[in-house]
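Structure file target.cif (mmCIF, C-alpha atoms) follows.
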```
data_final
#
loop_
_atom_site.label_atom_id
_atom_site.label_comp_id
_atom_site.auth_asym_id
_atom_site.auth_seq_id
_atom_site.Cartn_x
_atom_site.Cartn_y
_atom_site.Cartn_z
CA MET H 1299 -26.34 16.21 3.65
CA LYS H 1300 -22.60 16.23 4.27
CA LEU H 1301 -19.66 14.83 2.37
CA ILE H 1302 -16.77 13.28 4.28
CA PHE H 1303 -13.39 12.87 2.60
CA ILE H 1304 -11.02 10.40 4.31
CA HIS H 1305 -7.42 10.85 3.20
CA GLY H 1306 -4.69 8.22 3.03
CA ARG H 1307 -1.14 8.13 4.40
CA ALA H 1308 1.79 10.49 3.71
CA GLN H 1309 -0.20 13.61 4.62
CA GLU H 1310 1.83 14.47 7.70
CA GLY H 1311 3.20 17.99 8.01
CA LYS H 1312 0.68 19.37 5.55
CA ASP H 1313 -1.89 22.13 5.96
CA GLU H 1314 -5.22 20.37 6.41
CA ILE H 1315 -7.13 23.36 5.02
CA LYS H 1316 -5.07 23.32 1.83
CA LEU H 1317 -5.42 19.55 1.56
CA ARG H 1318 -9.19 19.80 1.86
CA ASP H 1319 -9.21 22.54 -0.78
CA THR H 1320 -7.17 20.32 -3.12
CA TRP H 1321 -9.74 17.52 -2.79
CA ILE H 1322 -12.63 19.94 -3.35
CA GLU H 1323 -11.03 21.52 -6.42
CA ALA H 1324 -10.38 18.12 -7.97
CA PHE H 1325 -13.99 17.12 -7.26
CA LYS H 1326 -15.23 20.33 -8.89
CA LYS H 1327 -13.10 19.63 -11.96
CA GLY H 1328 -14.71 16.23 -12.29
CA LEU H 1329 -18.14 17.81 -11.96
CA ASP H 1330 -17.31 20.39 -14.62
CA ALA H 1331 -16.79 17.60 -17.14
CA SER H 1332 -20.51 16.76 -16.76
CA ASP H 1333 -21.67 20.37 -16.52
CA LEU H 1334 -22.46 19.90 -12.85
CA GLU H 1335 -21.82 22.16 -9.89
CA LEU H 1336 -21.03 21.42 -6.28
CA PRO H 1337 -24.44 20.36 -4.87
CA ILE H 1338 -23.75 21.30 -1.25
CA PRO H 1339 -22.07 24.26 0.48
CA GLU H 1340 -18.32 23.80 0.90
CA GLU H 1341 -18.72 24.05 4.66
CA ASN H 1342 -20.64 20.77 4.48
CA ILE H 1343 -17.54 18.99 3.18
CA LEU H 1344 -15.64 17.55 6.12
CA PHE H 1345 -12.01 16.49 6.07
CA PRO H 1346 -11.00 14.61 9.24
CA TYR H 1347 -7.23 15.07 9.28
CA TYR H 1348 -5.17 12.40 11.01
CA GLY H 1349 -1.90 12.74 9.07
CA ASP H 1350 0.23 14.24 11.85
CA LYS H 1351 -1.18 11.94 14.52
CA LEU H 1352 -0.53 8.83 12.41
CA GLU H 1353 3.07 9.90 11.81
CA GLU H 1354 3.53 10.56 15.53
CA LEU H 1355 2.20 7.14 16.47
CA VAL H 1356 4.24 5.37 13.79
CA ASN H 1357 7.42 7.08 14.99
CA GLU H 1358 6.71 6.04 18.57
CA ILE H 1359 6.54 2.39 17.55
CA ASP H 1360 9.78 2.61 15.54
CA GLU H 1361 9.91 -0.99 14.33
CA PRO H 1362 11.64 -0.92 10.92
CA ILE H 1363 10.46 -3.25 8.16
CA GLU H 1364 13.92 -4.78 7.80
CA GLU H 1365 13.99 -5.77 11.48
CA ILE H 1366 10.52 -7.31 11.27
CA ILE H 1367 11.48 -9.31 8.18
CA GLN H 1368 14.74 -10.42 9.80
CA ARG H 1369 12.83 -11.57 12.88
CA GLY H 1370 10.38 -13.39 10.63
CA ALA H 1371 13.25 -15.34 9.10
CA LYS H 1372 14.04 -16.71 12.56
CA THR H 1373 10.63 -17.08 14.16
CA ASN H 1374 8.09 -16.96 11.31
CA ASP H 1375 6.55 -14.00 13.14
CA SER H 1376 2.95 -13.34 12.05
CA LYS H 1377 3.67 -9.64 11.64
CA ALA H 1378 6.51 -10.44 9.29
CA GLY H 1379 4.02 -12.58 7.39
CA PHE H 1380 2.07 -9.44 6.56
CA PHE H 1381 5.05 -7.99 4.69
CA LYS H 1382 5.67 -11.26 2.91
CA ASP H 1383 2.11 -11.47 1.63
CA PHE H 1384 1.63 -7.74 0.99
CA LEU H 1385 4.87 -7.25 -0.93
CA ASP H 1386 4.26 -10.36 -3.02
CA GLU H 1387 0.80 -9.09 -4.03
CA ILE H 1388 2.15 -5.64 -4.88
CA ALA H 1389 5.02 -7.13 -6.89
CA ASN H 1390 2.56 -9.24 -8.88
CA ASN H 1391 0.33 -6.24 -9.49
CA ALA H 1392 3.32 -4.16 -10.57
CA GLN H 1393 4.44 -6.97 -12.89
CA ILE H 1394 7.88 -7.01 -11.28
CA THR H 1395 9.87 -9.82 -12.90
CA THR H 1396 11.99 -12.46 -11.21
CA GLU H 1397 14.98 -11.05 -13.07
CA GLN H 1398 14.40 -7.60 -11.56
CA ILE H 1399 14.18 -9.02 -8.04
CA THR H 1400 17.27 -11.17 -8.60
CA GLU H 1401 19.28 -8.01 -9.23
CA ASN H 1402 18.57 -7.01 -5.61
CA TYR H 1403 19.05 -10.49 -4.15
CA GLU H 1404 22.34 -11.48 -2.59
CA GLY H 1405 21.65 -15.15 -1.88
CA ASP H 1406 21.68 -18.37 -3.88
CA VAL H 1407 19.22 -18.04 -6.76
CA LYS H 1408 18.16 -21.65 -6.12
CA GLU H 1409 16.76 -20.58 -2.75
CA ARG H 1410 14.70 -17.65 -3.92
CA GLY H 1411 11.00 -17.65 -3.17
CA LEU H 1412 8.56 -16.33 -0.60
CA LEU H 1413 9.71 -18.83 2.04
CA ASN H 1414 13.12 -17.21 1.81
CA TRP H 1415 13.12 -13.97 3.80
CA GLY H 1416 16.14 -12.67 1.93
CA TRP H 1417 14.04 -12.91 -1.22
CA VAL H 1418 11.27 -10.93 0.50
CA GLN H 1419 13.78 -8.19 1.32
CA ALA H 1420 14.87 -8.22 -2.33
CA ILE H 1421 11.24 -7.73 -3.39
CA LEU H 1422 11.02 -4.72 -1.07
CA ARG H 1423 14.18 -3.17 -2.48
CA THR H 1424 13.03 -3.79 -6.05
CA LEU H 1425 9.62 -2.27 -5.47
CA ASP H 1426 11.00 0.76 -3.70
CA ASN H 1427 13.34 1.41 -6.63
CA SER H 1428 10.59 0.98 -9.21
CA PHE H 1429 8.02 3.59 -8.25
CA LEU H 1430 7.86 7.03 -9.78
CA GLY H 1431 8.21 10.32 -8.00
CA THR H 1432 8.67 10.39 -4.23
CA TRP H 1433 6.16 7.63 -3.53
CA SER H 1434 7.75 4.95 -1.35
CA ILE H 1435 6.27 1.45 -1.28
CA LYS H 1436 8.31 0.77 1.87
CA LYS H 1437 6.69 3.66 3.75
CA PHE H 1438 3.27 2.86 2.33
CA THR H 1439 3.53 -0.76 3.43
CA TYR H 1440 4.82 0.17 6.86
CA ASP H 1441 2.11 2.74 7.61
CA VAL H 1442 -0.66 0.37 6.49
CA PHE H 1443 0.92 -2.38 8.61
CA ILE H 1444 1.11 -0.18 11.73
CA TYR H 1445 -2.51 0.92 11.35
CA LEU H 1446 -3.76 -2.64 10.84
CA THR H 1447 -1.76 -4.39 13.55
CA HIS H 1448 -1.56 -1.89 16.41
CA PRO H 1449 -4.95 -1.52 18.13
CA ASN H 1450 -4.16 1.85 19.71
CA VAL H 1451 -3.12 3.37 16.38
CA LYS H 1452 -6.30 2.08 14.79
CA LYS H 1453 -8.41 3.36 17.67
CA VAL H 1454 -6.92 6.87 17.54
CA VAL H 1455 -7.15 7.22 13.75
CA ASN H 1456 -10.66 5.77 13.63
CA GLY H 1457 -11.69 8.11 16.45
CA ILE H 1458 -10.54 11.18 14.53
CA VAL H 1459 -12.65 10.13 11.54
CA SER H 1460 -15.72 8.95 13.44
CA SER H 1461 -15.83 12.20 15.43
CA GLN H 1462 -16.85 13.95 12.20
CA ILE H 1463 -19.85 11.68 11.65
CA THR H 1464 -22.83 12.91 13.60
CA LYS H 1465 -25.58 10.46 14.51
CA GLY H 1466 -28.79 11.19 12.64
CA GLU H 1467 -27.06 13.24 9.95
CA ARG H 1468 -26.95 11.78 6.45
CA VAL H 1469 -23.52 11.62 4.86
CA VAL H 1470 -21.65 10.39 1.80
CA VAL H 1471 -18.23 8.96 2.68
CA VAL H 1472 -15.28 8.89 0.26
CA GLY H 1473 -12.11 7.04 1.28
CA HIS H 1474 -8.80 7.08 -0.60
CA SER H 1475 -6.00 4.53 -0.22
CA LEU H 1476 -5.42 3.82 3.51
CA GLY H 1477 -8.44 6.06 4.06
CA SER H 1478 -10.62 3.43 2.40
CA ILE H 1479 -9.51 0.90 5.03
CA VAL H 1480 -10.11 3.42 7.81
CA GLY H 1481 -13.53 4.20 6.37
CA TYR H 1482 -14.53 0.54 6.26
CA ASN H 1483 -13.45 -0.03 9.86
CA VAL H 1484 -15.26 3.10 11.06
CA LEU H 1485 -18.49 2.24 9.22
CA TYR H 1486 -18.45 -1.49 10.02
CA ASP H 1487 -20.43 -1.18 13.27
CA SER H 1488 -21.48 2.45 12.94
CA ASN H 1489 -25.00 3.73 13.56
CA ALA H 1490 -24.42 6.58 11.11
CA GLU H 1491 -26.71 7.27 8.16
CA VAL H 1492 -24.42 6.76 5.18
CA VAL H 1493 -26.10 7.24 1.82
CA LYS H 1494 -23.16 5.73 -0.07
CA TYR H 1495 -19.62 4.55 0.57
CA ILE H 1496 -17.19 5.42 -2.22
CA THR H 1497 -13.60 4.14 -2.32
CA VAL H 1498 -10.83 5.11 -4.73
CA GLY H 1499 -7.31 3.69 -5.00
CA SER H 1500 -8.24 1.15 -2.35
CA PRO H 1501 -5.96 -1.71 -1.18
CA LEU H 1502 -8.94 -3.58 0.31
CA GLY H 1503 -8.69 -6.06 -2.58
CA LEU H 1504 -5.37 -7.39 -1.21
CA SER H 1505 -5.71 -10.61 0.79
CA SER H 1506 -2.90 -9.49 3.09
CA VAL H 1507 -5.05 -6.50 4.13
CA ARG H 1508 -8.32 -8.42 4.43
CA LYS H 1509 -6.79 -10.72 7.07
CA TYR H 1510 -6.77 -7.78 9.47
CA LEU H 1511 -10.33 -6.56 8.84
CA PRO H 1512 -13.27 -7.29 11.15
CA LEU H 1513 -15.11 -10.46 10.18
CA PRO H 1514 -17.29 -11.43 8.54
CA LEU H 1515 -16.68 -9.18 5.56
CA ARG H 1516 -19.96 -7.42 4.88
CA MET H 1517 -21.60 -4.30 3.64
CA PRO H 1518 -21.73 -1.96 6.66
CA SER H 1519 -25.35 -1.91 7.74
CA CYS H 1520 -25.30 1.88 7.98
CA VAL H 1521 -24.76 2.18 4.19
CA SER H 1522 -28.14 2.52 2.47
CA ASN H 1523 -27.31 2.95 -1.23
CA GLY H 1524 -24.38 0.67 -1.80
CA TRP H 1525 -20.64 0.85 -2.26
CA PHE H 1526 -18.84 2.19 -5.33
CA ASN H 1527 -15.15 1.46 -5.90
CA ALA H 1528 -12.98 3.06 -8.58
CA TYR H 1529 -9.38 2.41 -9.54
CA ASP H 1530 -6.80 2.81 -12.27
CA GLU H 1531 -5.48 -0.50 -13.62
CA GLY H 1532 -1.99 0.95 -13.29
CA ASP H 1533 -2.44 1.68 -9.57
CA VAL H 1534 -0.58 -1.29 -8.12
CA VAL H 1535 -2.00 -1.05 -4.60
CA ALA H 1536 -5.57 -0.90 -5.91
CA LEU H 1537 -5.35 -3.19 -8.92
CA ASN H 1538 -7.64 -5.89 -7.54
CA PRO H 1539 -11.35 -5.11 -7.96
CA LEU H 1540 -13.57 -5.45 -4.90
CA ASP H 1541 -15.58 -8.28 -6.40
CA ALA H 1542 -16.77 -11.80 -5.51
CA ASN H 1543 -13.18 -13.06 -5.56
CA THR H 1544 -11.65 -10.42 -3.28
CA PHE H 1545 -14.50 -8.84 -1.28
CA ASN H 1546 -17.53 -11.09 -1.54
CA ILE H 1547 -20.36 -9.20 0.14
CA THR H 1548 -24.07 -8.59 -0.45
CA PRO H 1549 -25.09 -6.41 -2.15
CA PRO H 1550 -21.97 -6.58 -4.30
CA ILE H 1551 -19.66 -3.59 -4.65
CA VAL H 1552 -19.89 -1.73 -7.97
CA ASN H 1553 -16.43 -1.42 -9.53
CA LYS H 1554 -15.09 1.05 -12.08
CA LYS H 1555 -11.68 -0.12 -13.29
CA ASP H 1556 -11.00 2.29 -16.13
CA VAL H 1557 -10.07 5.47 -14.28
CA GLU H 1558 -7.19 7.18 -16.08
CA ASN H 1559 -5.36 8.57 -13.08
CA HIS H 1560 -2.96 11.20 -14.42
CA THR H 1561 -0.81 11.51 -11.27
CA ASP H 1562 2.76 10.27 -11.52
CA ASN H 1563 2.12 7.01 -9.63
CA GLN H 1564 -1.47 6.61 -10.90
CA HIS H 1565 -2.55 6.57 -7.24
CA GLY H 1566 -2.96 10.25 -6.30
CA ILE H 1567 -6.32 11.50 -5.08
CA VAL H 1568 -6.55 14.33 -7.64
CA GLY H 1569 -6.48 11.78 -10.46
CA TYR H 1570 -9.46 10.02 -8.92
CA LEU H 1571 -11.69 12.88 -7.85
CA ASP H 1572 -11.45 14.68 -11.18
CA ASP H 1573 -12.63 11.56 -13.01
CA PRO H 1574 -16.09 12.48 -14.39
CA VAL H 1575 -17.74 9.19 -13.39
CA VAL H 1576 -16.33 9.26 -9.86
CA ALA H 1577 -17.36 12.89 -9.43
CA LYS H 1578 -20.85 12.23 -10.81
CA THR H 1579 -21.30 9.24 -8.51
CA ILE H 1580 -20.50 11.44 -5.51
CA TYR H 1581 -22.82 14.15 -6.86
CA GLU H 1582 -25.76 11.77 -7.38
CA SER H 1583 -25.27 10.34 -3.89
CA LEU H 1584 -25.39 13.81 -2.38
CA MET H 1585 -28.59 14.50 -4.32
CA VAL H 1586 -30.43 11.47 -2.92
CA ARG H 1587 -31.80 13.43 0.03
CA ASN H 1588 -33.14 16.16 -2.22
CA SER H 1589 -34.94 13.68 -4.46
CA GLU H 1590 -36.42 11.82 -1.48
CA GLU H 1591 -37.70 15.08 0.03
CA SER H 1592 -39.29 16.00 -3.30
CA GLU H 1593 -41.13 12.68 -3.38
CA VAL H 1594 -42.46 13.20 0.15
CA SER H 1595 -43.69 16.72 -0.59
#
```

What do you get writing this file as structure tokens?
Amino acid sequence: MKLIFIHGRAQEGKDEIKLRDTWIEAFKKGLDASDLELPIPEENILFPYYGDKLEELVNEIDEPIEEIIQRGAKTNDSKAGFFKDFLDEIANNAQITTEQITENYEGDVKERGLLNWGWVQAILRTLDNSFLGTWSIKKFTYDVFIYLTHPNVKKVVNGIVSSQITKGERVVVVGHSLGSIVGYNVLYDSNAEVVKYITVGSPLGLSSVRKYLPLPLRMPSCVSNGWFNAYDEGDVVALNPLDANTFNITPPIVNKKDVENHTDNQHGIVGYLDDPVVAKTIYESLMVRNSEESEVS
């Protein structure tokens, strides 16, 4: 059995070995809370790193959000529509008030609203000024947009991840943030043997994201023991549960909404993997093979 960790965006320029170690240490901390130990050798934990390649591809495209929004104001461009929908959902999740957005809006207050592209730009500015630490909603939105709307970017990133999944080898897959979208796309038509799919801090509950997913929405047929999704109710990109209203599939996704993510933006991977329930869910999934072999013997 192997465990595959799929990271999110903003990992460019980092040491992939150290990143993998950070994920493993956080997972171990979560296990410690239940008096559990890592159930597989560390060499069986795979960490397909696409951070540098994603950044390279994004830089090659070089299509700033502001230009896309400005074009949308003139042509109602479908790509600009992504930002309109995505930013509105994030603003609602973050409980950004009209008064806060108005402070960053230079037009007539009577014309504000999502059909007004100047208002959309004001939402972007307000959100980017509201997040803690160095986390940028502008960069997050842009990277997710590039991955979802540029087939070559998606193909390259998905290829890096899928290359770590060997046919006939049972795996547990954990996807964080953008990595949860990548994981879903990779597994959608995969012939892998995935014991469980686990997502944390996932934006898959946003309608603006779902529009760009393969249809129909469904449980990847390669997943044998269901899908578990965990999030912190203060994580604004993951606030929507993956339930019948946002991700209506059969069997339904099991949601845990009460993670207390201690990272500064309540979105960081360490604050998810060291959650005892998340860690135990991964542990139990990795133990499925052992229990099945015991039954056979």

Neighbour list for range 1461-1467 of chain H as a PyMOL selection string, cut-off 12 Å, all atoms listed in the file, skip fewer than 5 positions in-chain: chain H and resi 1299-1304+1342-1348+1453-1456+1481+1484-1485+1488-1493+1520+1587

Matched chain/residue IDs from the PyMOL selection byres ((chain H and resi 1472) around 12), as a VMD selection string: chain H and resid 1300 to 1306 1321 to 1322 1325 1343 to 1346 1459 1469 to 1471 1473 to 1482 1485 1492 to 1500 1525 to 1528 1567 1570 to 1571 1576 to 1577 1579 to 1581 1583 to 1584

Straight-line distance linking CA of Gly1328 in chain H with CA of Ile1315 in chain H, stated in Å to one decimal: 20.2 Å

Residues of range 1497-1535 of chain H at most 12 Å from range 1392-1403 of chain H: nearest atom pair and distance in Å, all atoms listed in the file, as a Markdown table:
```
| residue | atom | partner | partner_atom | distance |
| --- | --- | --- | --- | --- |
| H:Glu1531 | CA | H:Ala1392 | CA | 10.0 |
| H:Gly1532 | CA | H:Ala1392 | CA | 7.9 |
| H:Asp1533 | CA | H:Ala1392 | CA | 8.3 |
| H:Val1534 | CA | H:Ala1392 | CA | 5.4 |
| H:Val1535 | CA | H:Ala1392 | CA | 8.6 |
```

Surrounding residues of Ile1547 in chain H excluding itself and chain neighbours under 6 positions, 10 Å, all atoms listed in the file, as a ChimeraX atom specification: /H:1514-1518,1540-1541

Expected file: the selected residues, C-alpha atoms, as a compact mmCIF listing (two decimals), keeping the file's coordinate frame:
```txt
# COMPACT_ATOMS: atom_id res chain seq x y z
CA PRO H 1514 -17.29 -11.43 8.54
CA LEU H 1515 -16.68 -9.18 5.56
CA ARG H 1516 -19.96 -7.42 4.88
CA MET H 1517 -21.60 -4.30 3.64
CA PRO H 1518 -21.73 -1.96 6.66
CA LEU H 1540 -13.57 -5.45 -4.90
CA ASP H 1541 -15.58 -8.28 -6.40
```

Two-atom distance - CA of Tyr1529 in chain H, CA of Gln1309 in chain H (Å):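 We find that CA of Tyr1529 in chain H and CA of Gln1309 in chain H lie 20.3 Å from each other.
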
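Look at Asp1350 in chain H: the protein and nucleic acid residues within 9 Å of it, using all atoms listed in the file and passing over chain neighbours fewer than 6 places away, are Gln1309, Glu1310, Gly1311 and Lys1312 of chain H.
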